[in-house]
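**Student:** Sharing a structure with you now.
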Amino acid sequence: MCRILSAVLTVLCLGVMGLQQVRAADVMTWEAYKERFVSDDGRVIDRANKDISHSEGQGYGLILALAAGDKPGFQKIWDWSRNNLQVRGQDRLLAWAWGRRPNGSWNVLDLNNATDGDLLVAFALLTAHERWNVSEWQAAARALIQDVKNHLLVETPDFPVLLPGYYGFVNDRGIIVNPSYYVYPALKMFSRHDDGPLWDKVFHGGLKLLDKARRTSWNLPGDWIIVLNDRVELYRERSSRFGYEAIRTLLYLSWVENRDRLRTWTPVLDWFDKTGTVPVWVDLLDPALSLDEAPGGFYAVWARVARMLDRSETARKLQARAQEKVATEKDDYYSNTLYLLSQISFEKP
């Protein structure tokens with residue numbers, strides 16, 4: 001059965017080996033999100049960013065539809081993704097950005113992929129196959145995983161490193177990595193359905209990179225890092241912060257219940273207990289904190305972390321602040337998405 005994560009909001013429930021039945025209230029939560037952020041033909045829309053769509057967003061939409069038991073909604077989101085983003089020609093990776101071009105037409109804006117989008121979509125397709133036994137979805141996931149293996153893994157002396165995209169992430173200095181692109185439950189799923197030893201290496205390699213990426217007394221990883229042989233540094237050309245990207249690392253670790261890594265970030269929970277706020281970003285070089293408060297989705301992720309670390313009162317306050325903030329963020333696709341994703345409850349295989 002689903003675990004109740006909030007006394008106010010019932011949760012969506014997604015099983016790693018299968019999906020539990022979802023109650024009507026949970027479906028209504030998904031339906032409200034779908035009405036605001038998903039078009040009738042299955043496009044997940046970033047309302048606050050010129051109405052563009054991302055492969056990542058399509059993956060999140062698939063996962064949320066799964067959690068709500070919405071098979072028709074899942075099919076629509078997958079159909080739109082396949083027809084509009086799997087257009088690169090030489091592989092089955094998804095173009096990462098789709099939106100309005102300068103001439104007014106709507107189409108792909110960038111043919112490069114974003115690896116987290118590919119992982120999320122393949123993970124959702126495999127999980128959907130396990131629930132609804134649709135062989136077409138399993139075949140599509142396997143083809144996508146094969147191209148991830150072919151194009152997005154770089155061997156190092158220690159373990160394979162996951163590139164953030166097909167091109168643009170290897171230079172003379174090293175390998176550029178986004179820690180939040182390691183979608184840990186997806187890697188576990190791939191280990192069961194594909195090359196187990198390989199994906200186990202990728203999974204544990206991501207954890208090792210994360211350990212090396214910790215910065216400041218808060219032990220936070222950067223949004224972007226660069227791997228230099230056996231060293232890991234912040235990739236400051238893109239970001240020197242823990243912020244909009246890296247917050248998802250906590251979400252994915254919570255989905256696989258990796259409490260050991262989550263426990264390293266308790267200083268942020270301590271800060272919240274003292275100040276009542278969570279900053280939207282932390283600069284890892286200065287160091288400095290944003291004066292702006294994090295959006296509701298961030299609070300919901302931290303509430304989930306606090307629950308997993310048995311800090312029930314901290315979790316309650318974080319969740320209450322998350323609900324308060326997200327209610328005012330009707331056009332914030334990212335915050336609303338993180339909020340719903342943080343409510344998903346996985347069952348152990």
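We label chains A, B, ... in the order they appear in the structure tokens, count residues from 1 in each chain, and number ligands from 1 in the order shown.
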Within 12 Å of segment 288-296 of chain A, which residues of segment 199-258 of chain A show up? Give each one with its shortest atom-to-atom distance in Å (one decimal) and the two atoms involved, counting only C-alpha atoms, rows by chain then rising residue number, as a tab-separated table.
**Tutor:**
residue	atom	partner	partner_atom	distance
A:Thr216	CA	A:Ala288	CA	10.0
A:Ser217	CA	A:Ala288	CA	11.8
A:Trp218	CA	A:Leu289	CA	11.5
A:Ser240	CA	A:Ala288	CA	10.5
A:Arg241	CA	A:Ala288	CA	9.2
A:Phe242	CA	A:Leu289	CA	9.9
A:Gly243	CA	A:Ala294	CA	9.0
A:Tyr244	CA	A:Ala294	CA	9.4
A:Ile247	CA	A:Ala294	CA	10.5
**Student:** Would you save the residues of that selection, restricted to C-alpha atoms, as an mmCIF file, in the first residue's frame?
**Tutor:**
data_model
loop_
_atom_site.group_PDB
_atom_site.id
_atom_site.type_symbol
_atom_site.label_atom_id
_atom_site.label_comp_id
_atom_site.auth_asym_id
_atom_site.auth_seq_id
_atom_site.Cartn_x
_atom_site.Cartn_y
_atom_site.Cartn_z
ATOM 1 C CA THR A 216 31.538 23.654 1.693
ATOM 2 C CA SER A 217 30.626 22.699 5.242
ATOM 3 C CA TRP A 218 27.198 21.692 3.905
ATOM 4 C CA SER A 240 29.582 27.141 -9.210
ATOM 5 C CA ARG A 241 26.343 26.496 -7.334
ATOM 6 C CA PHE A 242 24.201 23.833 -5.786
ATOM 7 C CA GLY A 243 20.807 24.853 -7.101
ATOM 8 C CA TYR A 244 18.240 24.135 -9.777
ATOM 9 C CA ILE A 247 18.370 19.423 -6.070
#
**Student:** I need the residues of segment 69-291 of chain A that end up classed as helix (DSSP H, G or I) by DSSP on the backbone, written out as a PyMOL selection string.
**Tutor:** chain A and resi 71-85+115-132+135-151+179-181+184-193+196-212+247-255+259-263+266-275
**Student:** In terms of the shortest atom-to-atom distance over only C-alpha atoms, which of A:Ala67, A:Lys50, A:Arg82, A:Glu257 is closest to Gln343 of chain A?
**Tutor:**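 For Gln343 of chain A, the nearest of the given residues is A:Ala67.
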**Student:** Counting only C-alpha atoms, figure out which residue out of A:Gln323, A:Asn178, A:Gln146, A:Asn49 gets nearest to Phe190 of chain A.
**Tutor:** A:Gln146
**Student:** Taking 4 positions as the minimum chain separation for residues in the same chain, which residues sit within 10 Å of Tyr181 of chain A when counting only C-alpha atoms? Answer as a ChimeraX atom specification.
**Tutor:** /A:56,114-120,162-165,177,206,223,245-246,248-249,252
**Student:** Write out as number ranges by chain which residues come within 10 Å of segment 263-279 of chain A when counting only C-alpha atoms, dropping same-chain ones fewer than 2 positions away.
**Tutor:** A: 211, 214, 217-221, 243, 250, 258-261, 281-282, 289-296, 298-299, 302-303, 305-306, 308-309, 311, 313-315, 317-318, 321
**Student:** Going by DSSP on the backbone, which residues of segment 95-192 of chain A come out as strand (DSSP E)? List them as a PyMOL selection string.
**Tutor:** chain A and resi 95-100+106-113+153-154+161-162+175-177
**Student:** Can you list, as a ChimeraX atom specification, every protein, DNA or RNA residue that comes within 9 Å of Glu233 of chain A when you count only C-alpha atoms, leaving out same-chain residues fewer than 2 positions away?
**Tutor:** /A:212-213,222,224-228,231,235-236
**Student:** With 9 Å as the cut-off and only C-alpha atoms counted, what is the closest atom pair between each nearby residue of segment 59-133 of chain A and segment 30-34 of chain A? Distances in Å to one decimal, ordered by chain and number, as a tab-separated table.
**Tutor:**
residue	atom	partner	partner_atom	distance
A:Gly61	CA	A:Lys34	CA	8.4
A:Leu64	CA	A:Trp30	CA	7.0
A:Ala65	CA	A:Trp30	CA	7.2
A:Ala67	CA	A:Trp30	CA	8.7
A:Ala68	CA	A:Trp30	CA	6.4
A:Asp70	CA	A:Trp30	CA	8.9
A:Gly73	CA	A:Lys34	CA	8.8
**Student:** Closest to Leu94 of chain A among A:Asp41, A:Asp147, A:Glu324, A:Asp200, using only C-alpha atoms?
**Tutor:** A:Asp147
**Student:** Counting only C-alpha atoms, what is within 10 Å of Asp79 of chain A, bar same-chain residues fewer than 4 positions away, as JSON, numbers by chain?
**Tutor:** {"A": [41, 42, 43, 73, 74, 75, 83, 84, 85]}
**Student:** For segment 121-127 of chain A, list every protein, DNA or RNA residue within 10 Å, evaluated using only C-alpha atoms, and leave out those in the same chain fewer than 5 positions away; present the list as a PyMOL selection string.
**Tutor:** chain A and resi 14-19+55-67+74-75+78+81+94+115-116+132-145+148+183+185-190+193
**Student:** Save out the residues we just selected, C-alpha atoms, as a JSON list (two decimals), in the first residue's frame.
**Tutor:**
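This went into selection.json:
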[["chain", "number", "residue", "atom", "x", "y", "z"],
["A", 14, "LEU", "CA", 5.05, 3.95, -7.96],
["A", 15, "GLY", "CA", 6.45, 0.48, -7.43],
["A", 16, "VAL", "CA", 9.86, -0.46, -8.79],
["A", 17, "MET", "CA", 8.56, -3.96, -9.60],
["A", 18, "GLY", "CA", 4.99, -2.85, -10.24],
["A", 19, "LEU", "CA", 2.46, -0.19, -9.37],
["A", 55, "SER", "CA", 12.87, 15.47, -22.86],
["A", 56, "GLU", "CA", 13.26, 15.60, -19.07],
["A", 57, "GLY", "CA", 9.72, 16.94, -18.73],
["A", 58, "GLN", "CA", 8.32, 14.21, -20.95],
["A", 59, "GLY", "CA", 10.04, 11.65, -18.73],
["A", 60, "TYR", "CA", 8.62, 13.21, -15.59],
["A", 61, "GLY", "CA", 5.18, 13.29, -17.17],
["A", 62, "LEU", "CA", 5.40, 9.59, -17.97],
["A", 63, "ILE", "CA", 6.41, 8.78, -14.38],
["A", 64, "LEU", "CA", 3.58, 10.85, -12.92],
["A", 65, "ALA", "CA", 1.04, 9.29, -15.28],
["A", 66, "LEU", "CA", 2.30, 5.86, -14.21],
["A", 67, "ALA", "CA", 2.02, 6.73, -10.56],
["A", 74, "PHE", "CA", 0.94, 7.71, -20.42],
["A", 75, "GLN", "CA", 0.33, 6.61, -24.01],
["A", 78, "TRP", "CA", 4.94, 8.69, -25.01],
["A", 81, "SER", "CA", 7.74, 12.18, -27.24],
["A", 94, "LEU", "CA", 15.61, 12.22, -27.64],
["A", 115, "THR", "CA", 20.83, 12.20, -20.86],
["A", 116, "ASP", "CA", 18.54, 12.53, -17.85],
["A", 132, "TRP", "CA", 0.61, -3.20, -18.17],
["A", 133, "ASN", "CA", 2.59, -5.80, -20.17],
["A", 134, "VAL", "CA", 2.96, -3.68, -23.32],
["A", 135, "SER", "CA", 5.82, -5.24, -25.26],
["A", 136, "GLU", "CA", 6.13, -2.19, -27.54],
["A", 137, "TRP", "CA", 7.16, -0.06, -24.55],
["A", 138, "GLN", "CA", 9.72, -2.62, -23.46],
["A", 139, "ALA", "CA", 11.23, -2.72, -26.96],
["A", 140, "ALA", "CA", 11.37, 1.09, -27.15],
["A", 141, "ALA", "CA", 13.10, 1.25, -23.77],
["A", 142, "ARG", "CA", 15.68, -1.35, -24.74],
["A", 143, "ALA", "CA", 16.49, 0.49, -27.98],
["A", 144, "LEU", "CA", 16.92, 3.72, -26.02],
["A", 145, "ILE", "CA", 19.14, 2.03, -23.41],
["A", 148, "VAL", "CA", 22.73, 5.37, -24.11],
["A", 183, "VAL", "CA", 18.78, 8.92, -12.28],
["A", 185, "PRO", "CA", 16.27, 4.25, -9.89],
["A", 186, "ALA", "CA", 16.60, 4.14, -13.69],
["A", 187, "LEU", "CA", 20.11, 2.72, -13.42],
["A", 188, "LYS", "CA", 18.84, 0.04, -11.05],
["A", 189, "MET", "CA", 16.05, -0.79, -13.49],
["A", 190, "PHE", "CA", 18.50, -1.03, -16.39],
["A", 193, "HIS", "CA", 16.68, -5.53, -17.81]]
**Student:** To one decimal place, how far is atom CA of Arg316 of chain A from atom CA of Leu340 of chain A in Å?
**Tutor:**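 Between these atoms lies a distance of 16.3 Å.
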**Student:** So how many Å separate atom CA of His151 of chain A and atom CA of Asp194 of chain A, to one decimal?
**Tutor:**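 A separation of 15.9 Å between them.
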**Student:** Could you jot down the atom CA of Asp310 of chain A to atom CA of Leu338 of chain A separation for me, Å, one decimal place?
**Tutor:** 21.0 Å
